[in-house]
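Okay, upload_6.txt now, which holds compact mmCIF, C-alpha atoms:
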```txt
# COMPACT_ATOMS: atom_id res chain seq x y z
CA MET A 1 76.20 90.28 60.82
CA ILE A 2 76.96 93.57 62.58
CA ALA A 3 79.91 95.32 60.94
CA VAL A 4 82.03 97.44 63.27
CA ARG A 5 83.24 99.41 60.24
CA ARG A 6 79.76 100.63 59.41
CA ILE A 7 79.09 101.49 63.04
CA LEU A 8 82.29 103.54 63.12
CA ALA A 9 81.25 105.30 59.92
CA VAL A 10 77.90 106.30 61.44
CA LEU A 11 79.67 107.34 64.64
CA LYS A 12 82.04 109.57 62.68
CA LYS A 13 79.13 111.12 60.82
CA GLU A 14 77.29 111.90 64.07
CA LEU A 15 80.37 113.47 65.64
CA LEU A 16 80.90 115.66 62.58
CA GLN A 17 77.24 116.72 62.65
CA LEU A 18 77.46 117.51 66.36
CA ARG A 19 80.57 119.59 65.76
CA ARG A 20 78.78 121.60 63.10
CA ASP A 21 75.73 122.11 65.34
CA ARG A 22 77.34 124.56 67.74
CA MET A 23 74.06 125.34 69.48
CA THR A 24 73.53 121.72 70.57
CA PHE A 25 77.17 121.35 71.57
CA GLY A 26 76.91 124.54 73.61
CA MET A 27 73.82 123.26 75.42
CA VAL A 28 75.59 119.99 76.26
CA VAL A 29 78.22 122.03 78.08
CA MET A 30 76.19 124.96 79.41
CA ILE A 31 73.16 123.22 80.92
CA PRO A 32 75.08 121.10 83.48
CA LEU A 33 77.44 124.02 84.12
CA ILE A 34 74.58 126.41 84.86
CA GLN A 35 72.78 123.88 87.07
CA LEU A 36 75.97 123.27 89.04
CA ILE A 37 76.48 127.00 89.59
CA LEU A 38 72.83 127.63 90.47
CA PHE A 39 72.47 124.78 92.94
CA GLY A 40 75.93 125.15 94.41
CA TYR A 41 76.15 128.92 94.64
CA ALA A 42 72.87 130.73 94.07
CA ILE A 43 70.42 128.39 95.82
CA ASN A 44 70.50 128.85 99.58
CA THR A 45 67.85 127.40 101.85
CA ASN A 46 69.60 128.79 104.94
CA LEU A 47 67.90 132.14 104.72
CA ARG A 48 69.90 135.23 105.68
CA HIS A 49 69.62 139.01 105.29
CA VAL A 50 65.85 139.12 104.76
CA PRO A 51 64.87 142.77 104.09
CA VAL A 52 62.58 144.09 106.82
CA ALA A 53 61.10 147.41 107.89
CA LEU A 54 61.28 148.96 111.33
CA VAL A 55 58.61 150.93 113.17
CA ASP A 56 60.39 152.28 116.25
CA GLN A 57 57.77 154.01 118.38
CA SER A 58 60.09 154.04 121.39
CA ARG A 59 63.04 155.90 119.82
CA SER A 60 65.28 155.18 122.78
CA GLY A 61 68.69 153.76 123.45
CA LEU A 62 67.03 150.51 124.48
CA SER A 63 65.23 150.20 121.15
CA ARG A 64 68.48 150.79 119.27
CA ALA A 65 70.12 148.06 121.35
CA VAL A 66 67.27 145.66 120.54
CA ILE A 67 67.59 146.44 116.84
CA GLN A 68 71.33 145.82 116.94
CA MET A 69 70.74 142.44 118.59
CA VAL A 70 68.19 141.50 115.93
CA GLU A 71 70.48 142.50 113.06
CA ALA A 72 73.43 140.72 114.70
CA THR A 73 71.69 137.41 113.99
CA GLN A 74 72.13 138.16 110.24
CA VAL A 75 68.70 136.68 109.64
CA VAL A 76 67.28 140.11 108.76
CA ASP A 77 68.50 143.47 107.52
CA VAL A 78 66.57 146.64 108.36
CA THR A 79 66.28 148.30 104.95
CA MET A 80 63.76 151.01 105.81
CA THR A 81 62.41 152.85 108.85
CA LEU A 82 58.73 153.79 108.81
CA ALA A 83 56.59 155.92 111.07
CA THR A 84 53.40 153.87 111.39
CA VAL A 85 52.23 150.28 111.38
CA GLU A 86 50.01 151.04 108.39
CA GLU A 87 53.03 152.09 106.34
CA ALA A 88 54.78 148.88 107.35
CA GLU A 89 51.82 146.77 106.23
CA ARG A 90 51.76 148.59 102.89
CA ALA A 91 55.49 147.94 102.44
CA VAL A 92 54.91 144.21 103.02
CA ILE A 93 52.01 144.18 100.56
CA ALA A 94 54.16 145.91 97.91
CA SER A 95 57.02 143.40 98.48
CA ARG A 96 59.45 146.17 99.38
CA VAL A 97 60.14 144.19 102.56
CA ARG A 98 59.22 140.71 103.73
CA ALA A 99 58.44 141.61 107.33
CA ALA A 100 58.26 144.53 109.75
CA LEU A 101 59.39 144.82 113.36
CA ILE A 102 57.16 146.95 115.60
CA LEU A 103 58.73 148.29 118.80
CA PRO A 104 56.05 149.98 120.98
CA ALA A 105 56.37 153.28 122.81
CA ASP A 106 56.36 151.51 126.19
CA LEU A 107 59.27 149.27 125.20
CA ALA A 108 61.24 149.93 128.42
CA GLY A 109 58.30 148.94 130.64
CA ARG A 110 57.67 145.78 128.64
CA VAL A 111 61.32 144.78 128.84
CA VAL A 112 61.32 145.24 132.62
CA ARG A 113 58.16 143.14 133.07
CA SER A 114 59.05 140.49 130.47
CA PRO A 115 59.78 137.02 131.91
CA ALA A 116 62.20 136.54 129.00
CA VAL A 117 64.48 139.18 130.52
CA GLY A 118 63.97 138.38 134.20
CA LEU A 119 64.45 141.86 135.68
CA ALA A 120 61.19 141.96 137.63
CA PRO A 121 60.21 139.60 140.48
CA PRO A 122 58.23 136.54 139.30
CA GLN A 123 54.95 137.81 140.78
CA ALA A 124 55.33 141.07 138.84
CA THR A 125 55.48 139.28 135.51
CA ASP A 126 52.16 137.50 135.81
CA ASP A 127 49.91 140.50 135.39
CA VAL A 128 48.22 141.69 132.23
CA ASN A 129 51.02 144.15 131.52
CA SER A 130 53.49 141.34 130.92
CA ARG A 131 53.48 141.30 127.14
CA PRO A 132 56.00 140.60 124.36
CA VAL A 133 58.45 143.46 123.94
CA GLY A 134 57.66 143.79 120.23
CA GLN A 135 55.82 142.32 117.29
CA TRP A 136 56.80 140.97 113.89
CA ILE A 137 54.43 141.45 110.95
CA VAL A 138 55.47 138.78 108.45
CA ASP A 139 54.55 137.90 104.88
CA GLY A 140 53.59 134.34 105.70
CA SER A 141 52.90 133.37 102.08
CA ASP A 142 56.53 132.19 101.81
CA THR A 143 56.96 129.46 104.40
CA MET A 144 60.77 129.68 104.39
CA VAL A 145 60.74 133.41 105.11
CA ALA A 146 58.14 132.91 107.83
CA ALA A 147 60.23 130.18 109.46
CA ALA A 148 63.32 132.40 109.42
CA ILE A 149 61.48 135.27 111.15
CA ARG A 150 59.83 132.94 113.67
CA SER A 151 63.30 131.79 114.72
CA LEU A 152 63.73 135.29 116.24
CA ARG A 153 60.79 134.90 118.64
CA MET A 154 63.07 133.76 121.46
CA MET A 155 65.66 136.53 121.23
CA PRO A 156 67.72 136.43 124.49
CA LEU A 157 67.21 140.04 125.55
CA GLY A 158 68.51 139.16 129.00
CA GLU A 159 71.98 139.47 127.52
CA LEU A 160 71.47 143.24 127.39
CA PHE A 161 71.38 143.24 131.18
CA ARG A 162 73.83 140.35 131.64
CA ARG A 163 71.12 138.08 132.94
CA PRO A 164 70.39 134.48 131.91
CA ALA A 165 67.89 134.14 129.09
CA ASN A 166 64.55 132.42 129.62
CA ARG A 167 64.12 130.49 126.39
CA ALA A 168 60.66 129.25 127.40
CA VAL A 169 59.08 132.69 127.04
CA PRO A 170 58.80 134.41 123.60
CA THR A 171 60.37 137.82 123.33
CA PHE A 172 58.47 138.85 120.21
CA GLU A 173 54.99 138.14 118.98
CA VAL A 174 54.90 136.95 115.35
CA ALA A 175 51.84 137.70 113.20
CA LEU A 176 51.78 135.68 109.97
CA PHE A 177 49.74 137.48 107.32
CA TYR A 178 48.22 135.96 104.14
CA ASN A 179 49.04 132.35 105.08
CA PRO A 180 48.73 131.87 108.83
CA GLU A 181 48.36 128.10 108.47
CA GLN A 182 51.69 127.93 106.59
CA ARG A 183 50.31 125.82 103.75
CA SER A 184 52.90 125.42 100.99
CA GLU A 185 50.32 125.25 98.22
CA VAL A 186 49.29 128.84 98.95
CA ASN A 187 52.75 129.92 97.83
CA ILE A 188 53.24 127.34 95.07
CA VAL A 189 50.03 127.71 93.05
CA PRO A 190 50.42 131.44 92.15
CA GLY A 191 54.11 130.83 91.40
CA LEU A 192 53.17 127.93 89.16
CA VAL A 193 51.33 130.42 86.95
CA GLY A 194 54.63 132.14 86.18
CA ILE A 195 56.51 128.90 85.50
CA ILE A 196 53.88 127.41 83.18
CA LEU A 197 53.47 130.67 81.28
CA THR A 198 57.25 130.97 80.92
CA MET A 199 57.51 127.46 79.51
CA THR A 200 54.54 127.53 77.14
CA MET A 201 54.70 131.13 75.90
CA ILE A 202 58.42 131.03 75.11
CA MET A 203 58.06 127.56 73.58
CA PHE A 204 55.22 128.67 71.29
CA THR A 205 56.98 131.72 69.88
CA SER A 206 60.61 130.54 69.96
CA ALA A 207 59.79 128.27 67.03
CA ALA A 208 57.66 130.87 65.24
CA ILE A 209 60.23 132.19 62.74
CA VAL A 210 62.09 128.92 62.16
CA ARG A 211 58.77 127.18 61.55
CA GLU A 212 58.06 129.59 58.71
CA SER A 213 61.43 128.76 57.15
CA GLU A 214 61.02 125.01 57.55
CA ARG A 215 57.55 125.11 55.97
CA GLY A 216 58.75 127.24 53.06
CA ASN A 217 56.61 130.24 54.02
CA MET A 218 59.51 132.66 54.45
CA GLU A 219 59.70 133.55 50.75
CA MET A 220 56.00 134.39 50.75
CA LEU A 221 56.40 136.62 53.81
CA ILE A 222 59.33 138.42 52.20
CA ASN A 223 57.21 139.29 49.18
CA THR A 224 54.33 140.69 51.25
CA PRO A 225 54.15 144.33 52.44
CA VAL A 226 54.10 143.11 56.07
CA ARG A 227 56.78 144.93 58.05
CA PRO A 228 58.89 142.97 60.57
CA ILE A 229 57.35 144.72 63.59
CA GLU A 230 53.86 143.97 62.24
CA LEU A 231 54.80 140.32 61.78
CA MET A 232 56.08 140.10 65.35
CA ILE A 233 52.98 141.71 66.86
CA GLY A 234 50.70 139.54 64.75
CA LYS A 235 52.44 136.40 65.92
CA ILE A 236 52.11 137.11 69.64
CA ILE A 237 48.49 138.35 69.78
CA PRO A 238 46.84 134.89 69.39
CA TYR A 239 48.86 133.50 72.28
CA LEU A 240 47.69 136.20 74.69
CA GLY A 241 44.31 134.50 74.87
CA ILE A 242 45.92 131.07 75.30
CA GLY A 243 47.95 132.39 78.22
CA LEU A 244 44.86 133.80 79.91
CA VAL A 245 43.11 130.44 79.56
CA GLN A 246 46.06 128.76 81.29
CA VAL A 247 45.96 131.28 84.13
CA ALA A 248 42.24 130.72 84.60
CA ILE A 249 42.78 126.94 84.75
CA ILE A 250 45.63 127.11 87.27
CA LEU A 251 44.06 129.64 89.63
CA GLY A 252 40.57 128.16 89.26
CA LEU A 253 41.63 124.61 90.05
CA GLY A 254 44.02 125.88 92.72
CA HIS A 255 41.09 127.55 94.45
CA LEU A 256 38.71 124.61 94.09
CA VAL A 257 41.13 121.76 94.84
CA PHE A 258 43.69 123.34 97.20
CA ASP A 259 41.60 126.19 98.62
CA VAL A 260 44.13 128.81 97.51
CA PRO A 261 42.52 132.24 97.92
CA VAL A 262 42.35 134.82 95.16
CA ASN A 263 42.17 138.00 97.21
CA GLY A 264 43.15 140.68 94.70
CA GLY A 265 41.12 142.50 92.09
CA MET A 266 40.56 140.94 88.69
CA GLY A 267 41.67 144.13 86.95
CA ALA A 268 45.09 144.10 88.57
CA LEU A 269 45.44 140.36 87.98
CA LEU A 270 44.55 140.76 84.29
CA ALA A 271 46.94 143.68 83.80
CA VAL A 272 50.04 142.03 85.30
CA THR A 273 49.27 138.70 83.59
CA LEU A 274 48.94 140.27 80.14
CA LEU A 275 52.18 142.16 80.66
CA PHE A 276 54.04 139.00 81.60
CA ILE A 277 52.57 137.00 78.73
CA ALA A 278 53.61 139.74 76.29
CA ALA A 279 57.13 139.86 77.76
CA SER A 280 57.50 136.06 77.56
CA LEU A 281 56.21 135.98 73.99
CA THR A 282 58.63 138.67 72.84
CA LEU A 283 61.49 136.79 74.53
CA GLY A 284 60.46 133.72 72.55
CA LEU A 285 60.48 135.76 69.34
CA VAL A 286 64.03 136.94 70.05
CA LEU A 287 65.08 133.32 70.57
CA SER A 288 63.38 132.33 67.32
CA THR A 289 65.57 134.77 65.39
CA VAL A 290 68.65 133.10 66.92
CA ALA A 291 67.67 129.46 66.43
CA LYS A 292 68.20 127.79 63.04
CA ASN A 293 65.65 125.02 63.55
CA GLN A 294 62.92 124.01 65.95
CA LEU A 295 65.24 121.72 67.92
CA GLN A 296 67.52 124.65 68.70
CA ALA A 297 64.45 126.71 69.62
CA MET A 298 63.47 124.05 72.17
CA GLN A 299 67.01 123.96 73.55
CA LEU A 300 67.02 127.74 74.03
CA THR A 301 63.65 127.49 75.76
CA VAL A 302 65.09 125.03 78.28
CA PHE A 303 68.09 127.33 78.70
CA ILE A 304 65.75 130.14 79.80
CA LEU A 305 63.35 127.93 81.75
CA LEU A 306 65.94 126.51 84.17
CA PRO A 307 67.05 129.89 85.63
CA SER A 308 63.44 131.03 85.67
CA ILE A 309 62.49 128.10 87.92
CA LEU A 310 65.51 128.31 90.20
CA LEU A 311 66.13 132.06 90.47
CA SER A 312 62.70 133.65 90.26
CA GLY A 313 61.68 132.76 93.82
CA PHE A 314 59.38 129.93 92.78
CA MET A 315 61.28 127.16 94.60
CA PHE A 316 63.76 129.06 96.76
CA PRO A 317 63.36 132.47 98.46
CA PHE A 318 64.72 135.29 96.32
CA ASP A 319 66.04 137.07 99.41
CA GLY A 320 68.25 134.13 100.34
CA MET A 321 70.28 134.30 97.13
CA PRO A 322 73.65 136.06 96.88
CA LYS A 323 73.61 139.54 95.36
CA PRO A 324 75.11 138.47 91.98
CA ALA A 325 72.43 135.79 91.64
CA GLN A 326 69.73 138.34 92.49
CA ALA A 327 71.10 140.67 89.81
CA ILE A 328 70.82 137.89 87.21
CA ALA A 329 67.36 136.96 88.46
CA ARG A 330 66.11 140.52 87.99
CA LEU A 331 66.84 140.22 84.26
CA LEU A 332 64.25 137.45 83.97
CA PRO A 333 60.59 138.40 83.43
CA ALA A 334 59.51 135.50 85.66
CA THR A 335 61.17 137.06 88.72
CA HIS A 336 59.12 140.26 88.49
CA PHE A 337 55.91 138.42 87.67
CA MET A 338 56.40 136.00 90.56
CA GLN A 339 56.38 138.92 93.01
CA MET A 340 53.41 140.60 91.33
CA ILE A 341 51.16 137.55 90.94
CA ARG A 342 51.68 136.57 94.58
CA GLY A 343 51.12 140.16 95.60
CA VAL A 344 47.79 140.37 93.78
CA VAL A 345 46.48 136.89 94.56
CA LEU A 346 47.60 136.62 98.19
CA ARG A 347 48.20 140.15 99.52
CA GLN A 348 45.58 142.14 97.57
CA ALA A 349 48.30 144.32 96.07
CA GLU A 350 47.15 147.11 93.78
CA LEU A 351 48.79 148.33 90.59
CA ARG A 352 50.32 151.29 92.43
CA ASP A 353 52.16 148.81 94.66
CA MET A 354 53.81 147.20 91.62
CA ILE A 355 54.94 150.17 89.56
CA GLY A 356 58.53 148.93 89.36
CA GLY A 357 57.62 145.49 88.03
CA ILE A 358 55.04 146.89 85.62
CA ALA A 359 57.56 149.38 84.19
CA TRP A 360 60.21 146.68 83.83
CA LEU A 361 57.94 144.21 82.00
CA SER A 362 56.62 146.98 79.74
CA GLY A 363 60.13 148.06 78.81
CA PHE A 364 61.22 144.45 78.30
CA THR A 365 58.32 143.88 75.89
CA VAL A 366 59.02 147.00 73.83
CA ILE A 367 62.76 146.34 73.61
CA GLY A 368 62.18 142.66 72.85
CA LEU A 369 59.85 143.48 69.95
CA ALA A 370 62.38 145.95 68.57
CA VAL A 371 65.27 143.47 68.82
CA ALA A 372 63.25 140.66 67.24
CA SER A 373 62.18 142.94 64.39
CA LEU A 374 65.71 144.13 63.71
CA ARG A 375 67.16 140.62 63.78
CA PHE A 376 64.42 139.35 61.49
CA ARG A 377 65.20 142.12 59.03
CA LYS A 378 68.89 141.20 59.04
CA ARG A 379 68.05 137.59 58.33
CA LEU A 380 65.95 138.66 55.37
CA ASP A 381 68.95 140.54 53.97
```
Structure encoded using structure tokens:
Amino acid sequence: MIAVRRILAVLKKELLQLRRDRMTFGMVVMIPLIQLILFGYAINTNLRHVPVALVDQSRSGLSRAVIQMVEATQVVDVTMTLATVEEAERAVIASRVRAALILPADLAGRVVRSPAVGLAPPQATDDVNSRPVGQWIVDGSDTMVAAAIRSLRMMPLGELFRRPANRAVPTFEVALFYNPEQRSEVNIVPGLVGIILTMTMIMFTSAAIVRESERGNMEMLINTPVRPIELMIGKIIPYLGIGLVQVAIILGLGHLVFDVPVNGGMGALLAVTLLFIAASLTLGLVLSTVAKNQLQAMQLTVFILLPSILLSGFMFPFDGMPKPAQAIARLLPATHFMQMIRGVVLRQAELRDMIGGIAWLSGFTVIGLAVASLRFRKRLD
């Protein structure tokens, strides 16, 4: 016979244990709360305020009017003005901007002859000089960003002259670099490297210290001359090779199965990957000094993994997030690595194009090792 009394006794015991396990209770509350905030506030598929560069070769009142019309759409924000097309392409490669608008020196003549504006007689717009009034150079590796910029092709410039717009004729030419076919796997496969490394590297090392305690090895470590910083470094080195094997599998199969190109140099790819693996491992070590058992270590790993997936730019464009969400995202190693791995693999970015991300991951690794070492020492006391 099933006794309700005994069931209630077990229920009471479980509730008391849950109350004592503050980490688990916190995760029960925080995980749905964070997901609600991220999906409801930070995640925005309606892309706005994409940072772009401007190359204004016309430097006229007309070009300034065109720029104002483009910015009035709120799809893009001109964050830098450059002198040449080459500088604009370099800015796109380095991820300082997602696109560049080129306004030619003969902008006035193109506007007059453009069928989209309708100033010239119809027969005057059929000659070879009838060309788009400008050109967009777009990082096409992100299909959402590319779609947002392509929505500006039919800008109604006729409104500048109070004439009806001809929506059948494109105002701007759009050149999609790095992924002209707009295949989603080209963007997903390099990003998947960052997500898988975040999950596995943090998972491996977040349980590193608590595993020693649960196996009874902590007393032995205390009695050895190994210093905390030496212990931390020794624990992350073996996983560097494991991380590189995972990267080789993902990019290799991505190239063979999905025809995802690997355009960048192997040296740059190796450097940024090792930096990210080291940063993720040190983050896992910090979590391992907080967790009291391996279950809590796994919970903390999930707590880091969710924002890394949603805020890093893997699923949703980073530029479409509100500023507070972007500020939080920049604290995550995955956000910086996501930009660098896509830059190397898809845009042939060089190390000099990624100085900011390299410096941030290096600093994160050094600080993380120091924090983990200090917290480990306190636990020994």
I'd like to know which of A:Leu47, A:Leu54, A:Val257, A:Ala278 is closest to Gln74 (chain A), using only C-alpha atoms.
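That would be A:Leu47, the residue with the smallest distance to Gln74 (chain A).
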How far is it from CA of Met298 (chain A) to CA of Ile249 (chain A), in Å with one decimal?
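Interatomic distance, CA of Met298 (chain A) to CA of Ile249 (chain A): 24.4 Å.
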Write out as a VMD selection string each polymer residue whose atoms come within 8 Å of Asp142 (chain A), counting only C-alpha atoms; drop sequence neighbours fewer than 2 positions from it.
chain A and resid 139 to 140 144 to 146 184 187 317
Please provide as a PyMOL selection string all residues within 10 Å of region 321-338 of chain A, with the sequence filter that same-chain residues fewer than 5 positions apart are discarded (counting all atoms listed in the file).
chain A and resi 37-38+41-49+190-195+197-198+272-273+275-277+279-280+283+304-305+307-314+316+343+354+356-358+360-361+364-365
What's the separation between CA of Gly363 (chain A) and CA of Arg90 (chain A), in Å to one decimal place?
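Atom-to-atom, CA of Gly363 (chain A) and CA of Arg90 (chain A) are spaced 25.5 Å apart.
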Coordinates-based distance that separates CA of Lys292 (chain A) from CA of Gly234 (chain A) (Å, one decimal):
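About the pair CA of Gly234 (chain A) and CA of Lys292 (chain A): they are 21.1 Å apart.
Minimum atom-to-atom distances from A:Ala53, A:Val247, A:Val186, A:Leu346 to Thr200 (chain A) were compared using all atoms listed in the file, and the lowest value belongs to A:Val247.
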For Pro238 (chain A), the nearest of the candidates A:Leu281, A:Leu374, A:Met154, A:Val76, counting all atoms listed in the file
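Nearest candidate to Pro238 (chain A) out of A:Leu281, A:Leu374, A:Met154, A:Val76: A:Leu281.
Closest approach to Val112 (chain A) among A:Ala94, A:Val133, A:Ile229, A:Val55 is made by A:Val133 (distances from only C-alpha atoms).
Minimum atom-to-atom distance to Ala108 (chain A), evaluated using all atoms listed in the file, belongs to A:Leu62 out of A:Leu62, A:Ala3, A:Met340, A:Ala248.
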Val66 (chain A) environment, 12 Å, only C-alpha atoms, sequence neighbours closer than 6 positions dropped, as a list in words
Leu54, Asp56, Ser58, Arg59, Ser60, Ala72, Thr73, Leu101, Ile102, Leu103, Leu107, Ala108, Val111, Val133, Gly134, Leu152, Met155, Pro156, Leu157, Gly158, Glu159, Leu160, Phe161, Thr171 and Phe172 of chain A
Limited to C-alpha atoms, could you put the picked residues into a file as an mmCIF file, in the frame of the given file?
```cif
data_model
loop_
_atom_site.group_PDB
_atom_site.id
_atom_site.type_symbol
_atom_site.label_atom_id
_atom_site.label_comp_id
_atom_site.auth_asym_id
_atom_site.auth_seq_id
_atom_site.Cartn_x
_atom_site.Cartn_y
_atom_site.Cartn_z
ATOM 1 C CA LEU A 54 61.280 148.960 111.330
ATOM 2 C CA ASP A 56 60.390 152.280 116.250
ATOM 3 C CA SER A 58 60.090 154.040 121.390
ATOM 4 C CA ARG A 59 63.040 155.900 119.820
ATOM 5 C CA SER A 60 65.280 155.180 122.780
ATOM 6 C CA ALA A 72 73.430 140.720 114.700
ATOM 7 C CA THR A 73 71.690 137.410 113.990
ATOM 8 C CA LEU A 101 59.390 144.820 113.360
ATOM 9 C CA ILE A 102 57.160 146.950 115.600
ATOM 10 C CA LEU A 103 58.730 148.290 118.800
ATOM 11 C CA LEU A 107 59.270 149.270 125.200
ATOM 12 C CA ALA A 108 61.240 149.930 128.420
ATOM 13 C CA VAL A 111 61.320 144.780 128.840
ATOM 14 C CA VAL A 133 58.450 143.460 123.940
ATOM 15 C CA GLY A 134 57.660 143.790 120.230
ATOM 16 C CA LEU A 152 63.730 135.290 116.240
ATOM 17 C CA MET A 155 65.660 136.530 121.230
ATOM 18 C CA PRO A 156 67.720 136.430 124.490
ATOM 19 C CA LEU A 157 67.210 140.040 125.550
ATOM 20 C CA GLY A 158 68.510 139.160 129.000
ATOM 21 C CA GLU A 159 71.980 139.470 127.520
ATOM 22 C CA LEU A 160 71.470 143.240 127.390
ATOM 23 C CA PHE A 161 71.380 143.240 131.180
ATOM 24 C CA THR A 171 60.370 137.820 123.330
ATOM 25 C CA PHE A 172 58.470 138.850 120.210
#
```
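Distance annotation: of A:Arg6, A:Arg98, A:Arg347, A:Arg211, the residue with the minimal separation from Leu269 (chain A) is A:Arg347; atom set is only C-alpha atoms.
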